[in-house]
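S.K.: I'd like to ask you about the structure that follows.
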Amino acid sequence: ALSQLTPKYTASGTLLYDAAEYNVRELQSILRVDPITDAVMATQAEVLRGMPVVEQVANRLNLFANPDFNPTMRPQPWWRRAFHRMFGAEDVTVPGIIGPQLDPSRNATLAAVHAALVVTPLKASHVLEVSFTARDPVLAAAAANHAMDAYVKARLGAKYGAVMRARDWLEQRAKELRVEVRHY
């Protein structure tokens with residue numbers, strides 16, 4: 001029985017959580033650091049395991065076409081094929097409904113990727129351990145790396161946005177002060 005099992009590989013990586021955030025209203029301390037608590041780290045772990053990151057990993061690695069993650073790509077057992085022939089396949093789309101429809105294949109793939117991605121905050125640290133389990137060790141490593149990459153890029157994008165808002169506020173405030181000085 002053990003020889004019939006397909007091995008699974010887990011690749012892990014670590015991320016250092018940097019809580020530095022720019023705050024437009026506090027010019028005295030442009031760089032504000034919130035205290036990092038276990039709750040903050042748990043929240044960041046959930047952000048990293050969130051659907052935006054899961055979807056990016058699935059898209060980058062084309063996991064929608066991988067039978068290990070997309071159950072609709074796997075061959076169906078004989079009894080299920082016979083059942084569908086006898087009773088017909090179930091259709092989840094409802095005719096006449098406008099808007100998004102259910103996509104069981106996509107949802108199942110995202111759920112499988114979400115289940116394979118584990119993020120654990122390490123106690124008393126600013127470190128998140130990211131791991132991904134798959135039958136292919138290269139895929140496991142790539143998925144863990146892509147998840148961390150997506151998270152880091154999202155954090156950098158948020159910081160960039162904060163810096164741009166601070167710059168815009170400072171420019172606006174400088175214009176206001178120039179006008180005030182001219183009136184004196």
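For the structure tokens, the naming scheme is as follows: chains receive sequential letters (A, B, ...) according to their order of presentation, residues are indexed from 1 within each chain, and ligands are indexed from 1 in presentation order.
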Per residue of stretch 94-157 of chain A within 10 Å of stretch 58-77 of chain A, note the shortest atom pair and the distance in Å to one decimal, counting only C-alpha atoms, and order the rows by chain and increasing residue number, as JSON lines.
M.R.:
{"residue": "A:Pro104", "atom": "CA", "partner": "A:Thr72", "partner_atom": "CA", "distance": 8.6}
{"residue": "A:Ser105", "atom": "CA", "partner": "A:Thr72", "partner_atom": "CA", "distance": 6.0}
{"residue": "A:Arg106", "atom": "CA", "partner": "A:Phe64", "partner_atom": "CA", "distance": 6.8}
{"residue": "A:Asn107", "atom": "CA", "partner": "A:Asn70", "partner_atom": "CA", "distance": 8.9}
{"residue": "A:Ala108", "atom": "CA", "partner": "A:Asn70", "partner_atom": "CA", "distance": 6.3}
{"residue": "A:Thr109", "atom": "CA", "partner": "A:Asn70", "partner_atom": "CA", "distance": 4.6}
{"residue": "A:Leu110", "atom": "CA", "partner": "A:Ala58", "partner_atom": "CA", "distance": 7.1}
{"residue": "A:Ala111", "atom": "CA", "partner": "A:Phe69", "partner_atom": "CA", "distance": 8.5}
{"residue": "A:Ala112", "atom": "CA", "partner": "A:Phe69", "partner_atom": "CA", "distance": 5.5}
{"residue": "A:Val113", "atom": "CA", "partner": "A:Phe69", "partner_atom": "CA", "distance": 6.6}
{"residue": "A:His114", "atom": "CA", "partner": "A:Ala58", "partner_atom": "CA", "distance": 9.4}
{"residue": "A:Ala115", "atom": "CA", "partner": "A:Phe69", "partner_atom": "CA", "distance": 9.9}
{"residue": "A:Ala116", "atom": "CA", "partner": "A:Phe69", "partner_atom": "CA", "distance": 9.2}
{"residue": "A:Ala134", "atom": "CA", "partner": "A:Asp68", "partner_atom": "CA", "distance": 7.9}
{"residue": "A:Arg135", "atom": "CA", "partner": "A:Asp68", "partner_atom": "CA", "distance": 7.6}
{"residue": "A:Asp136", "atom": "CA", "partner": "A:Asp68", "partner_atom": "CA", "distance": 9.6}
{"residue": "A:Leu139", "atom": "CA", "partner": "A:Leu61", "partner_atom": "CA", "distance": 7.9}
{"residue": "A:Ala142", "atom": "CA", "partner": "A:Leu61", "partner_atom": "CA", "distance": 7.9}
{"residue": "A:Ala143", "atom": "CA", "partner": "A:Leu61", "partner_atom": "CA", "distance": 7.3}
{"residue": "A:His146", "atom": "CA", "partner": "A:Arg60", "partner_atom": "CA", "distance": 7.8}
{"residue": "A:Ala147", "atom": "CA", "partner": "A:Ala58", "partner_atom": "CA", "distance": 9.7}
S.K.: For those residues, write all heavy atoms to a file as a short mmCIF file (atom, residue, chain, number, x, y, z; two decimals), in the first residue's frame.
M.R.:
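Saved to selection_15.cif:
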data_model
loop_
_atom_site.label_atom_id
_atom_site.label_comp_id
_atom_site.auth_asym_id
_atom_site.auth_seq_id
_atom_site.Cartn_x
_atom_site.Cartn_y
_atom_site.Cartn_z
N PRO A 104 -17.22 25.74 -11.03
CA PRO A 104 -16.76 24.73 -10.08
C PRO A 104 -15.30 24.31 -10.29
O PRO A 104 -14.59 24.07 -9.32
CB PRO A 104 -17.69 23.54 -10.31
CG PRO A 104 -18.83 24.07 -11.08
CD PRO A 104 -18.38 25.29 -11.78
N SER A 105 -14.86 24.27 -11.52
CA SER A 105 -13.48 23.89 -11.81
C SER A 105 -12.50 24.92 -11.22
O SER A 105 -11.55 24.56 -10.54
CB SER A 105 -13.28 23.79 -13.33
OG SER A 105 -11.93 23.60 -13.64
N ARG A 106 -12.79 26.20 -11.46
CA ARG A 106 -11.93 27.27 -10.94
C ARG A 106 -11.97 27.30 -9.41
O ARG A 106 -10.93 27.41 -8.76
CB ARG A 106 -12.40 28.60 -11.51
CG ARG A 106 -11.57 29.78 -11.07
CD ARG A 106 -12.04 31.05 -11.78
NE ARG A 106 -11.29 32.20 -11.37
CZ ARG A 106 -10.04 32.47 -11.72
NH1 ARG A 106 -9.38 31.64 -12.48
NH2 ARG A 106 -9.44 33.56 -11.28
N ASN A 107 -13.16 27.19 -8.85
CA ASN A 107 -13.30 27.22 -7.40
C ASN A 107 -12.58 26.05 -6.74
O ASN A 107 -11.93 26.22 -5.71
CB ASN A 107 -14.77 27.23 -7.00
CG ASN A 107 -15.47 28.51 -7.40
OD1 ASN A 107 -14.83 29.51 -7.72
ND2 ASN A 107 -16.78 28.50 -7.41
N ALA A 108 -12.68 24.86 -7.34
CA ALA A 108 -12.01 23.68 -6.78
C ALA A 108 -10.50 23.85 -6.85
O ALA A 108 -9.77 23.47 -5.92
CB ALA A 108 -12.45 22.42 -7.52
N THR A 109 -10.01 24.42 -7.94
CA THR A 109 -8.57 24.64 -8.08
C THR A 109 -8.08 25.64 -7.04
O THR A 109 -7.06 25.40 -6.37
CB THR A 109 -8.23 25.13 -9.49
OG1 THR A 109 -8.68 24.17 -10.44
CG2 THR A 109 -6.73 25.35 -9.66
N LEU A 110 -8.79 26.75 -6.89
CA LEU A 110 -8.39 27.76 -5.90
C LEU A 110 -8.44 27.17 -4.49
O LEU A 110 -7.56 27.47 -3.66
CB LEU A 110 -9.26 29.01 -6.01
CG LEU A 110 -9.06 29.83 -7.29
CD1 LEU A 110 -10.06 30.98 -7.34
CD2 LEU A 110 -7.63 30.34 -7.40
N ALA A 111 -9.43 26.35 -4.21
CA ALA A 111 -9.52 25.72 -2.88
C ALA A 111 -8.35 24.77 -2.65
O ALA A 111 -7.78 24.72 -1.55
CB ALA A 111 -10.84 24.97 -2.74
N ALA A 112 -7.94 24.03 -3.68
CA ALA A 112 -6.81 23.11 -3.54
C ALA A 112 -5.50 23.87 -3.34
O ALA A 112 -4.66 23.49 -2.52
CB ALA A 112 -6.71 22.20 -4.77
N VAL A 113 -5.33 24.97 -4.07
CA VAL A 113 -4.12 25.79 -3.91
C VAL A 113 -4.11 26.41 -2.52
O VAL A 113 -3.07 26.43 -1.84
CB VAL A 113 -4.03 26.87 -5.01
CG1 VAL A 113 -2.87 27.82 -4.76
CG2 VAL A 113 -3.89 26.21 -6.39
N HIS A 114 -5.27 26.90 -2.07
CA HIS A 114 -5.38 27.50 -0.74
C HIS A 114 -5.03 26.47 0.34
O HIS A 114 -4.34 26.79 1.32
CB HIS A 114 -6.80 28.04 -0.54
CG HIS A 114 -6.96 28.82 0.71
ND1 HIS A 114 -7.54 28.30 1.85
CD2 HIS A 114 -6.63 30.10 1.02
CE1 HIS A 114 -7.55 29.20 2.79
NE2 HIS A 114 -7.01 30.31 2.32
N ALA A 115 -5.49 25.23 0.16
CA ALA A 115 -5.20 24.18 1.15
C ALA A 115 -3.71 23.81 1.15
O ALA A 115 -3.16 23.45 2.20
CB ALA A 115 -6.04 22.94 0.85
N ALA A 116 -3.05 23.91 -0.01
CA ALA A 116 -1.64 23.54 -0.10
C ALA A 116 -0.72 24.64 0.44
O ALA A 116 0.43 24.37 0.79
CB ALA A 116 -1.27 23.24 -1.55
N ALA A 134 3.07 19.94 -2.72
CA ALA A 134 2.65 19.44 -4.03
C ALA A 134 3.37 18.13 -4.31
O ALA A 134 4.32 17.77 -3.61
CB ALA A 134 2.98 20.47 -5.12
N ARG A 135 2.93 17.42 -5.33
CA ARG A 135 3.58 16.17 -5.72
C ARG A 135 4.90 16.41 -6.43
O ARG A 135 5.74 15.54 -6.48
CB ARG A 135 2.66 15.37 -6.63
CG ARG A 135 1.46 14.84 -5.89
CD ARG A 135 0.59 14.03 -6.79
NE ARG A 135 -0.61 13.66 -6.06
CZ ARG A 135 -1.39 12.67 -6.39
NH1 ARG A 135 -1.13 11.94 -7.44
NH2 ARG A 135 -2.46 12.41 -5.68
N ASP A 136 5.07 17.58 -6.98
CA ASP A 136 6.29 17.95 -7.70
C ASP A 136 7.10 18.90 -6.83
O ASP A 136 6.62 19.98 -6.48
CB ASP A 136 5.90 18.62 -9.02
CG ASP A 136 7.09 19.08 -9.85
OD1 ASP A 136 8.25 18.85 -9.44
OD2 ASP A 136 6.85 19.66 -10.92
N LEU A 139 7.50 22.38 -8.37
CA LEU A 139 6.25 23.13 -8.29
C LEU A 139 6.03 23.65 -6.88
O LEU A 139 5.62 24.80 -6.69
CB LEU A 139 5.07 22.26 -8.72
CG LEU A 139 3.69 22.91 -8.62
CD1 LEU A 139 3.57 24.07 -9.60
CD2 LEU A 139 2.61 21.88 -8.86
N ALA A 142 8.36 26.59 -6.41
CA ALA A 142 7.92 27.74 -7.21
C ALA A 142 6.68 28.38 -6.60
O ALA A 142 6.56 29.61 -6.56
CB ALA A 142 7.64 27.29 -8.64
N ALA A 143 5.75 27.57 -6.13
CA ALA A 143 4.52 28.11 -5.54
C ALA A 143 4.82 28.89 -4.26
O ALA A 143 4.26 29.98 -4.05
CB ALA A 143 3.52 26.99 -5.27
N HIS A 146 6.42 32.12 -5.39
CA HIS A 146 5.45 33.03 -6.01
C HIS A 146 4.52 33.64 -4.97
O HIS A 146 4.16 34.82 -5.09
CB HIS A 146 4.63 32.31 -7.08
CG HIS A 146 5.36 32.12 -8.37
ND1 HIS A 146 6.00 33.14 -9.04
CD2 HIS A 146 5.56 31.02 -9.13
CE1 HIS A 146 6.53 32.68 -10.15
NE2 HIS A 146 6.30 31.38 -10.22
N ALA A 147 4.12 32.87 -3.98
CA ALA A 147 3.26 33.41 -2.92
C ALA A 147 3.98 34.52 -2.16
O ALA A 147 3.41 35.60 -1.92
CB ALA A 147 2.82 32.30 -1.97
#
S.K.: Quick one: distance from atom CA of A:Ala150 to atom CA of A:Met164 in Å, one decimal?
M.R.: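 Straight-line distance from atom CA of A:Ala150 to atom CA of A:Met164 works out to 20.9 Å.
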S.K.: Identify all residues of chain A in strand (DSSP E) (DSSP on the backbone) and supply them as a PyMOL selection string.
M.R.: chain A and resi 9-16+20-22+31-33+117-121+127-134
S.K.: When distances are computed from only C-alpha atoms, which of A:Thr133, A:Val163, A:Ala154, A:Pro100 shows the smallest separation from A:Ala11?
M.R.: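 With only C-alpha atoms as the atom set, the closest residue is A:Thr133.
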S.K.: With only C-alpha atoms as the counted atoms, please give the residues lying no more than 8 Å from A:Ser131, apart from itself and same-chain residues fewer than 4 positions off, as a list of chain:residue names.
M.R.: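 Selected residues are A:Thr10, A:Ala11, A:Ser12, A:Gly13, A:Ala116, A:Leu117, A:Val118, A:Val119, A:Ala144.
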S.K.: Please write the residues from the selection above to a file, keeping N, CA, C and O atoms, as a PDB file, in the first residue's frame.
M.R.:
ATOM      1  N   THR A  10       7.034  19.344   0.382  1.00  0.00           N
ATOM      2  CA  THR A  10       6.691  20.639   0.948  1.00  0.00           C
ATOM      3  C   THR A  10       7.914  21.530   0.865  1.00  0.00           C
ATOM      4  O   THR A  10       8.986  21.176   1.370  1.00  0.00           O
ATOM      5  N   ALA A  11       7.754  22.653   0.206  1.00  0.00           N
ATOM      6  CA  ALA A  11       8.817  23.658   0.112  1.00  0.00           C
ATOM      7  C   ALA A  11       8.456  24.788   1.064  1.00  0.00           C
ATOM      8  O   ALA A  11       7.283  25.161   1.180  1.00  0.00           O
ATOM      9  N   SER A  12       9.449  25.308   1.753  1.00  0.00           N
ATOM     10  CA  SER A  12       9.208  26.375   2.725  1.00  0.00           C
ATOM     11  C   SER A  12      10.141  27.547   2.482  1.00  0.00           C
ATOM     12  O   SER A  12      11.248  27.386   1.972  1.00  0.00           O
ATOM     13  N   GLY A  13       9.677  28.703   2.859  1.00  0.00           N
ATOM     14  CA  GLY A  13      10.477  29.912   2.819  1.00  0.00           C
ATOM     15  C   GLY A  13      10.063  30.788   3.976  1.00  0.00           C
ATOM     16  O   GLY A  13       9.036  30.555   4.618  1.00  0.00           O
ATOM     17  N   ALA A 116      -3.049  23.910  -0.009  1.00  0.00           N
ATOM     18  CA  ALA A 116      -1.636  23.543  -0.104  1.00  0.00           C
ATOM     19  C   ALA A 116      -0.718  24.635   0.439  1.00  0.00           C
ATOM     20  O   ALA A 116       0.429  24.370   0.788  1.00  0.00           O
ATOM     21  N   LEU A 117      -1.221  25.863   0.521  1.00  0.00           N
ATOM     22  CA  LEU A 117      -0.427  27.000   0.990  1.00  0.00           C
ATOM     23  C   LEU A 117      -0.646  27.192   2.485  1.00  0.00           C
ATOM     24  O   LEU A 117      -1.764  27.412   2.936  1.00  0.00           O
ATOM     25  N   VAL A 118       0.419  27.094   3.250  1.00  0.00           N
ATOM     26  CA  VAL A 118       0.355  27.263   4.707  1.00  0.00           C
ATOM     27  C   VAL A 118       1.295  28.398   5.096  1.00  0.00           C
ATOM     28  O   VAL A 118       2.449  28.422   4.671  1.00  0.00           O
ATOM     29  N   VAL A 119       0.779  29.323   5.882  1.00  0.00           N
ATOM     30  CA  VAL A 119       1.589  30.443   6.378  1.00  0.00           C
ATOM     31  C   VAL A 119       1.484  30.453   7.889  1.00  0.00           C
ATOM     32  O   VAL A 119       0.390  30.509   8.441  1.00  0.00           O
ATOM     33  N   ALA A 144       5.673  28.345  -3.409  1.00  0.00           N
ATOM     34  CA  ALA A 144       6.043  29.070  -2.174  1.00  0.00           C
ATOM     35  C   ALA A 144       6.718  30.395  -2.532  1.00  0.00           C
ATOM     36  O   ALA A 144       6.407  31.445  -1.947  1.00  0.00           O
TER      37      ALA A 144
END
S.K.: Check the smallest atom-to-atom distance from each of A:Met148, A:Val138, A:Ala42, A:Ile36 to A:Val54 using only C-alpha atoms, then report the winner.
M.R.: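 Checking each of A:Met148, A:Val138, A:Ala42, A:Ile36 against A:Val54, counting only C-alpha atoms, the winner is A:Met148.
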